[in-house]
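Raw contents of query30.cif, mmCIF, C-alpha atoms and all ligand atoms:
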data_query
#
loop_
_atom_site.label_atom_id
_atom_site.label_comp_id
_atom_site.auth_asym_id
_atom_site.auth_seq_id
_atom_site.Cartn_x
_atom_site.Cartn_y
_atom_site.Cartn_z
CA MET A 1 16.71 -13.14 -25.67
CA SER A 2 13.62 -14.16 -27.59
CA GLU A 3 13.98 -12.77 -31.14
CA ASP A 4 10.32 -11.87 -31.66
CA CYS A 5 9.74 -10.42 -28.17
CA ILE A 6 9.18 -6.67 -28.19
CA PHE A 7 10.53 -6.23 -24.64
CA CYS A 8 13.69 -8.24 -25.42
CA GLN A 9 14.17 -5.93 -28.39
CA ILE A 10 13.81 -2.91 -26.09
CA VAL A 11 16.42 -4.33 -23.68
CA ALA A 12 18.75 -4.94 -26.65
CA GLY A 13 18.29 -1.34 -27.82
CA GLU A 14 16.71 -2.45 -31.10
CA ILE A 15 13.49 -0.61 -30.25
CA PRO A 16 13.75 2.79 -28.54
CA SER A 17 12.26 3.40 -25.12
CA HIS A 18 12.15 6.11 -22.49
CA THR A 19 14.45 4.27 -20.10
CA VAL A 20 14.21 5.16 -16.42
CA TYR A 21 16.43 2.47 -14.85
CA GLU A 22 18.87 -0.25 -15.86
CA ASP A 23 21.16 -2.67 -14.03
CA GLU A 24 22.58 -6.12 -14.71
CA ASP A 25 19.25 -7.96 -14.38
CA VAL A 26 16.50 -5.36 -14.59
CA PHE A 27 15.28 -2.69 -17.02
CA ALA A 28 12.52 -0.09 -16.60
CA PHE A 29 10.93 2.26 -19.11
CA LEU A 30 7.82 4.33 -19.70
CA ASP A 31 4.76 2.57 -21.10
CA VAL A 32 4.17 3.80 -24.65
CA ASN A 33 0.39 3.92 -24.05
CA PRO A 34 0.31 5.27 -20.51
CA LEU A 35 -2.77 4.95 -18.31
CA ALA A 36 -1.42 7.94 -16.38
CA PRO A 37 1.62 10.22 -16.66
CA GLY A 38 4.62 8.26 -15.37
CA HIS A 39 3.14 4.80 -16.13
CA THR A 40 6.30 2.68 -15.94
CA LEU A 41 7.09 -0.95 -16.81
CA VAL A 42 9.72 -2.87 -14.85
CA ILE A 43 11.07 -6.02 -16.49
CA PRO A 44 13.79 -8.64 -16.06
CA LYS A 45 16.35 -8.38 -18.85
CA GLY A 46 16.11 -12.10 -19.52
CA HIS A 47 13.10 -13.47 -21.36
CA HIS A 48 10.70 -15.13 -18.89
CA GLU A 49 7.01 -15.26 -19.62
CA ARG A 50 5.48 -15.25 -16.15
CA LEU A 51 6.48 -14.25 -12.64
CA ASN A 52 6.39 -17.94 -11.72
CA ASP A 53 9.16 -18.60 -14.26
CA LEU A 54 11.70 -16.20 -12.71
CA PRO A 55 14.80 -17.57 -10.98
CA ASP A 56 14.86 -16.50 -7.31
CA ASP A 57 17.71 -14.02 -7.70
CA VAL A 58 16.02 -12.28 -10.64
CA ALA A 59 12.73 -12.13 -8.72
CA ASP A 60 14.62 -10.48 -5.85
CA SER A 61 16.25 -7.92 -8.17
CA LEU A 62 12.92 -7.17 -9.85
CA TYR A 63 11.20 -6.54 -6.53
CA GLU A 64 14.08 -4.45 -5.24
CA THR A 65 13.88 -2.25 -8.34
CA LEU A 66 10.11 -1.87 -8.02
CA HIS A 67 10.56 -0.93 -4.37
CA ASP A 68 13.02 1.83 -5.26
CA LEU A 69 11.23 3.02 -8.39
CA ILE A 70 7.74 3.47 -6.99
CA PRO A 71 8.57 6.60 -4.95
CA ALA A 72 10.68 8.00 -7.81
CA VAL A 73 7.81 7.56 -10.27
CA GLU A 74 5.27 9.07 -7.88
CA ASP A 75 7.54 12.04 -7.14
CA ALA A 76 8.26 12.68 -10.82
CA VAL A 77 4.60 13.22 -11.61
CA ASP A 78 3.54 14.48 -8.19
CA ALA A 79 1.20 11.53 -7.63
CA PRO A 80 -0.04 10.75 -4.11
CA ALA A 81 -0.44 7.01 -4.87
CA SER A 82 0.02 4.28 -7.43
CA ASN A 83 -1.29 0.87 -8.44
CA VAL A 84 1.44 -1.71 -8.88
CA GLY A 85 0.64 -4.99 -10.61
CA PHE A 86 1.48 -7.75 -13.03
CA ASN A 87 -0.76 -9.36 -15.60
CA ASN A 88 0.49 -12.92 -15.14
CA GLY A 89 -0.55 -15.24 -17.97
CA ASP A 90 -2.93 -15.09 -20.94
CA ALA A 91 -6.18 -15.35 -19.00
CA SER A 92 -5.20 -12.37 -16.84
CA GLY A 93 -4.89 -10.11 -19.89
CA GLN A 94 -1.11 -10.30 -20.30
CA GLU A 95 -0.42 -9.20 -23.86
CA VAL A 96 3.38 -9.10 -23.93
CA PRO A 97 4.70 -12.54 -22.88
CA HIS A 98 7.75 -11.14 -21.06
CA VAL A 99 7.29 -10.49 -17.32
CA HIS A 100 6.54 -6.83 -16.63
CA GLY A 101 5.35 -4.98 -13.58
CA HIS A 102 3.17 -1.92 -14.13
CA VAL A 103 3.61 1.13 -11.88
CA ILE A 104 0.59 3.32 -12.56
CA PRO A 105 0.51 6.66 -10.74
CA ARG A 106 -2.88 7.54 -9.31
CA PHE A 107 -4.44 10.90 -8.51
CA GLU A 108 -7.44 11.96 -6.46
CA GLY A 109 -10.53 11.91 -8.68
CA ASP A 110 -8.73 10.39 -11.68
CA GLY A 111 -11.67 8.10 -12.43
CA GLY A 112 -9.60 4.93 -12.10
CA ASN A 113 -10.33 1.88 -9.99
CA PRO A 114 -8.63 -0.10 -7.23
CA ILE A 115 -6.91 -3.41 -7.98
CA HIS A 116 -10.16 -5.22 -7.05
CA ALA A 117 -11.60 -4.10 -10.37
CA VAL A 118 -9.44 -6.62 -12.25
CA GLY A 119 -11.42 -9.68 -11.10
CA GLY A 120 -14.30 -11.31 -12.97
CA SER A 121 -17.65 -12.15 -11.33
CA ALA A 122 -16.88 -12.70 -7.64
CA PRO A 123 -17.41 -16.27 -6.35
CA ASP A 124 -19.50 -16.87 -3.24
CA LEU A 125 -17.20 -19.06 -1.12
CA ASP A 126 -18.05 -20.26 2.38
CA ASP A 127 -15.49 -20.61 5.14
CA ASP A 128 -14.89 -24.35 4.48
CA GLU A 129 -14.16 -23.64 0.83
CA LEU A 130 -11.75 -20.83 1.78
CA ALA A 131 -10.03 -23.16 4.24
CA ALA A 132 -9.63 -25.90 1.60
CA ILE A 133 -8.09 -23.45 -0.86
CA ALA A 134 -5.73 -22.06 1.77
CA GLU A 135 -4.65 -25.62 2.67
CA ASP A 136 -3.88 -26.44 -0.98
CA ILE A 137 -1.84 -23.26 -1.44
CA GLU A 138 0.09 -23.85 1.78
CA ALA A 139 0.85 -27.46 0.78
CA ASP A 140 2.08 -26.55 -2.70
CA GLN A 141 5.17 -24.47 -1.84
P1 LIG B 1 0.20 -6.20 -20.61
O1 LIG B 1 -1.22 -6.09 -21.08
O2 LIG B 1 0.32 -6.32 -19.12
O3 LIG B 1 0.94 -7.29 -21.34
O4 LIG B 1 0.88 -4.80 -20.94
C1 LIG B 1 1.73 -4.58 -21.99
C2 LIG B 1 2.06 -3.11 -21.93
O5 LIG B 1 3.17 -2.89 -22.78
C3 LIG B 1 0.93 -2.20 -22.41
O6 LIG B 1 0.59 -1.30 -21.35
C4 LIG B 1 1.53 -1.48 -23.61
O7 LIG B 1 1.12 -0.13 -23.70
C5 LIG B 1 3.02 -1.60 -23.35
N1 LIG B 1 3.85 -1.58 -24.53
C6 LIG B 1 3.73 -2.30 -25.67
N2 LIG B 1 4.71 -2.00 -26.54
C7 LIG B 1 5.50 -1.09 -25.93
C8 LIG B 1 6.69 -0.38 -26.31
N3 LIG B 1 7.27 -0.56 -27.49
N4 LIG B 1 7.22 0.51 -25.44
C9 LIG B 1 6.64 0.72 -24.23
N5 LIG B 1 5.52 0.06 -23.80
C10 LIG B 1 4.96 -0.82 -24.63
ZN ZN B 2 11.36 -11.09 -24.02
#
Could you spell out this file's structure in structure tokens?
Ligand code: AMP
Ligand code: ZN
Amino acid sequence: MSEDCIFCQIVAGEIPSHTVYEDEDVFAFLDVNPLAPGHTLVIPKGHHERLNDLPDDVADSLYETLHDLIPAVEDAVDAPASNVGFNNGDASGQEVPHVHGHVIPRFEGDGGNPIHAVGGSAPDLDDDELAAIAEDIEADQ
């Protein structure tokens, strides 16, 4: 636990939350400032700042929980769809430095945007540049 982390304090029960799921490794609760009814946050119980920092078994548990929770969240608010995503690091807009996945229910005509809206100005990359990036990513695993 990180003493000054608001999500660690929620896991410890020191700050109240509308809890929707809990197991040994994972905790899920409603976002206090929801972008839509049912907006849910799914977090590892341990304090890890970014997805990249998670041990493999915790990453597996986190994904498994997301996988099960998404239909439950959608059903609870009668949503036909949802956006699921992580702000991963400062530059991405992550405000709480404890890994959390957002499940944001979406409705026809709700005025929201697809996940593509999160990017900055789009780069103009040719095929060679795409190939070089793909090669670097493939080599770095
Ligand atoms: P992010 O910008 O990805 O770091 O998102 C942090 C999210 O945490 C925001 O959507 C906040 O509304 C939410 N949040 C902050 N404090 C609380 C809290 N005490 N209970 C529930 N959600 C919270
Ligand atoms: Zn924490």
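Separating atom CA of A:Ala117 from atom CA of A:Asn83 is a distance of 11.6 Å.
Take atom CA of A:Pro37 and atom CA of A:Ile104: the distance between them is 8.1 Å.
The contact shell of ligand LIG 1 (chain B), defined as all polymer residues within 7 Å when all atoms listed in the file are used, comprises Ile6, Ile15, Ser17, Phe29, Leu30, Asp31, Val32, Asn33, Pro34, Phe86, Asn87, Gly93, Gln94, Glu95, Val96, Pro97 and His100 of chain A.
From atom CA of A:Pro16 back to atom CA of A:Asp78, the distance works out to 25.6 Å.
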* To do: List the neighbours of stretch 109-115 of chain A out to 10 Å using all atoms listed in the file; skip same-chain residues closer than 5 positions along the sequence, and give me the result as a list in words.
  => Leu35, Ala36, Ser82, Asn83, Val84 and Gly85 of chain A
* **Within 8 Å of A:Ala28 using all atoms listed in the file, minus same-chain residues under 6 positions, as a ChimeraX atom specification** => /A:19-22,40-43
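Nearest-residue note for ligand ZN 2 (chain B): choosing from A:Asp140, A:His98, A:Glu14, A:Lys45, the minimum distance belongs to A:His98, counting only C-alpha atoms and all ligand atoms.
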Could the residues that lie within 10 Å of ligand ZN 2 (chain B), counting only C-alpha atoms and all ligand atoms, be listed as a CSV table (one decimal) with C-alpha atoms, in the coordinates of the input?
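pocket_19.csv, written as the output of this step:
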chain,number,residue,atom,x,y,z
A,1,MET,CA,16.7,-13.1,-25.7
A,2,SER,CA,13.6,-14.2,-27.6
A,3,GLU,CA,14.0,-12.8,-31.1
A,4,ASP,CA,10.3,-11.9,-31.7
A,5,CYS,CA,9.7,-10.4,-28.2
A,6,ILE,CA,9.2,-6.7,-28.2
A,7,PHE,CA,10.5,-6.2,-24.6
A,8,CYS,CA,13.7,-8.2,-25.4
A,9,GLN,CA,14.2,-5.9,-28.4
A,10,ILE,CA,13.8,-2.9,-26.1
A,11,VAL,CA,16.4,-4.3,-23.7
A,12,ALA,CA,18.8,-4.9,-26.6
A,43,ILE,CA,11.1,-6.0,-16.5
A,44,PRO,CA,13.8,-8.6,-16.1
A,45,LYS,CA,16.4,-8.4,-18.8
A,46,GLY,CA,16.1,-12.1,-19.5
A,47,HIS,CA,13.1,-13.5,-21.4
A,48,HIS,CA,10.7,-15.1,-18.9
A,49,GLU,CA,7.0,-15.3,-19.6
A,96,VAL,CA,3.4,-9.1,-23.9
A,97,PRO,CA,4.7,-12.5,-22.9
A,98,HIS,CA,7.8,-11.1,-21.1
A,99,VAL,CA,7.3,-10.5,-17.3
A,100,HIS,CA,6.5,-6.8,-16.6
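With all atoms listed in the file as the basis for measurement, A:Leu51 is the residue among A:Leu125, A:Val118, A:Val77, A:Leu51 that approaches A:Gly89 most closely.
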As lines of an AutoDock Vina configuration file: centre and edge lengths in Å, one decimal, of the axis-aligned box holding stretch 71-83 of chain A with 5 Å per side:
center_x = 4.7
center_y = 7.7
center_z = -7.9
size_x = 22.0
size_y = 23.6
size_z = 17.5
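Minimum distance to A:Ala79 across A:Pro105, A:Gly13, A:Gly38, A:Pro55 (counting all atoms listed in the file) occurs at A:Pro105.
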Please rebuild stretch 30-41 of chain A with all heavy atoms and return the result as a JSON list (two decimals), in the coordinates of the input.
[["chain", "number", "residue", "atom", "x", "y", "z"],
["A", 30, "LEU", "N", 9.19, 3.83, -19.70],
["A", 30, "LEU", "CA", 7.82, 4.33, -19.70],
["A", 30, "LEU", "C", 6.95, 3.52, -20.65],
["A", 30, "LEU", "O", 7.39, 3.16, -21.76],
["A", 30, "LEU", "CB", 7.79, 5.80, -20.11],
["A", 30, "LEU", "CG", 8.48, 6.79, -19.18],
["A", 30, "LEU", "CD1", 8.29, 8.22, -19.69],
["A", 30, "LEU", "CD2", 7.97, 6.66, -17.74],
["A", 31, "ASP", "N", 5.73, 3.24, -20.22],
["A", 31, "ASP", "CA", 4.76, 2.57, -21.10],
["A", 31, "ASP", "C", 4.40, 3.51, -22.25],
["A", 31, "ASP", "O", 4.16, 4.71, -22.05],
["A", 31, "ASP", "CB", 3.50, 2.21, -20.30],
["A", 31, "ASP", "CG", 2.62, 1.22, -21.03],
["A", 31, "ASP", "OD1", 2.07, 1.58, -22.11],
["A", 31, "ASP", "OD2", 2.46, 0.08, -20.53],
["A", 32, "VAL", "N", 4.40, 2.97, -23.46],
["A", 32, "VAL", "CA", 4.17, 3.80, -24.65],
["A", 32, "VAL", "C", 2.70, 4.25, -24.76],
["A", 32, "VAL", "O", 2.40, 5.24, -25.40],
["A", 32, "VAL", "CB", 4.63, 3.03, -25.92],
["A", 32, "VAL", "CG1", 3.65, 1.95, -26.33],
["A", 32, "VAL", "CG2", 4.90, 3.98, -27.06],
["A", 33, "ASN", "N", 1.81, 3.52, -24.11],
["A", 33, "ASN", "CA", 0.39, 3.92, -24.05],
["A", 33, "ASN", "C", -0.01, 4.10, -22.59],
["A", 33, "ASN", "O", -0.75, 3.27, -22.03],
["A", 33, "ASN", "CB", -0.51, 2.86, -24.69],
["A", 33, "ASN", "CG", -0.36, 2.83, -26.19],
["A", 33, "ASN", "OD1", -0.46, 3.87, -26.84],
["A", 33, "ASN", "ND2", -0.12, 1.66, -26.75],
["A", 34, "PRO", "N", 0.47, 5.15, -21.96],
["A", 34, "PRO", "CA", 0.31, 5.27, -20.51],
["A", 34, "PRO", "C", -1.14, 5.43, -20.06],
["A", 34, "PRO", "O", -1.92, 6.12, -20.71],
["A", 34, "PRO", "CB", 1.12, 6.52, -20.17],
["A", 34, "PRO", "CG", 1.17, 7.31, -21.44],
["A", 34, "PRO", "CD", 1.16, 6.31, -22.56],
["A", 35, "LEU", "N", -1.46, 4.77, -18.93],
["A", 35, "LEU", "CA", -2.77, 4.95, -18.31],
["A", 35, "LEU", "C", -2.77, 6.20, -17.44],
["A", 35, "LEU", "O", -3.83, 6.66, -17.00],
["A", 35, "LEU", "CB", -3.14, 3.73, -17.47],
["A", 35, "LEU", "CG", -3.37, 2.45, -18.26],
["A", 35, "LEU", "CD1", -3.55, 1.26, -17.32],
["A", 35, "LEU", "CD2", -4.58, 2.61, -19.18],
["A", 36, "ALA", "N", -1.59, 6.71, -17.17],
["A", 36, "ALA", "CA", -1.42, 7.94, -16.38],
["A", 36, "ALA", "C", -0.02, 8.45, -16.69],
["A", 36, "ALA", "O", 0.85, 7.66, -17.09],
["A", 36, "ALA", "CB", -1.55, 7.64, -14.89],
["A", 37, "PRO", "N", 0.24, 9.75, -16.49],
["A", 37, "PRO", "CA", 1.62, 10.22, -16.66],
["A", 37, "PRO", "C", 2.53, 9.46, -15.71],
["A", 37, "PRO", "O", 2.20, 9.25, -14.55],
["A", 37, "PRO", "CB", 1.54, 11.71, -16.31],
["A", 37, "PRO", "CG", 0.21, 11.92, -15.66],
["A", 37, "PRO", "CD", -0.69, 10.82, -16.10],
["A", 38, "GLY", "N", 3.67, 9.00, -16.22],
["A", 38, "GLY", "CA", 4.62, 8.26, -15.37],
["A", 38, "GLY", "C", 4.42, 6.76, -15.37],
["A", 38, "GLY", "O", 5.20, 6.03, -14.76],
["A", 39, "HIS", "N", 3.38, 6.26, -16.06],
["A", 39, "HIS", "CA", 3.14, 4.80, -16.13],
["A", 39, "HIS", "C", 4.43, 4.11, -16.60],
["A", 39, "HIS", "O", 4.91, 4.35, -17.70],
["A", 39, "HIS", "CB", 1.99, 4.55, -17.10],
["A", 39, "HIS", "CG", 1.59, 3.11, -17.24],
["A", 39, "HIS", "ND1", 0.44, 2.74, -17.92],
["A", 39, "HIS", "CD2", 2.14, 1.94, -16.81],
["A", 39, "HIS", "CE1", 0.32, 1.42, -17.89],
["A", 39, "HIS", "NE2", 1.34, 0.91, -17.24],
["A", 40, "THR", "N", 4.97, 3.27, -15.73],
["A", 40, "THR", "CA", 6.30, 2.68, -15.94],
["A", 40, "THR", "C", 6.20, 1.16, -15.94],
["A", 40, "THR", "O", 5.40, 0.57, -15.20],
["A", 40, "THR", "CB", 7.24, 3.15, -14.80],
["A", 40, "THR", "OG1", 7.38, 4.58, -14.89],
["A", 40, "THR", "CG2", 8.61, 2.51, -14.90],
["A", 41, "LEU", "N", 7.00, 0.52, -16.77],
["A", 41, "LEU", "CA", 7.09, -0.95, -16.81],
["A", 41, "LEU", "C", 8.46, -1.37, -16.30],
["A", 41, "LEU", "O", 9.48, -0.78, -16.69],
["A", 41, "LEU", "CB", 6.89, -1.46, -18.25],
["A", 41, "LEU", "CG", 5.57, -1.07, -18.91],
["A", 41, "LEU", "CD1", 5.54, -1.54, -20.37],
["A", 41, "LEU", "CD2", 4.38, -1.66, -18.16]]
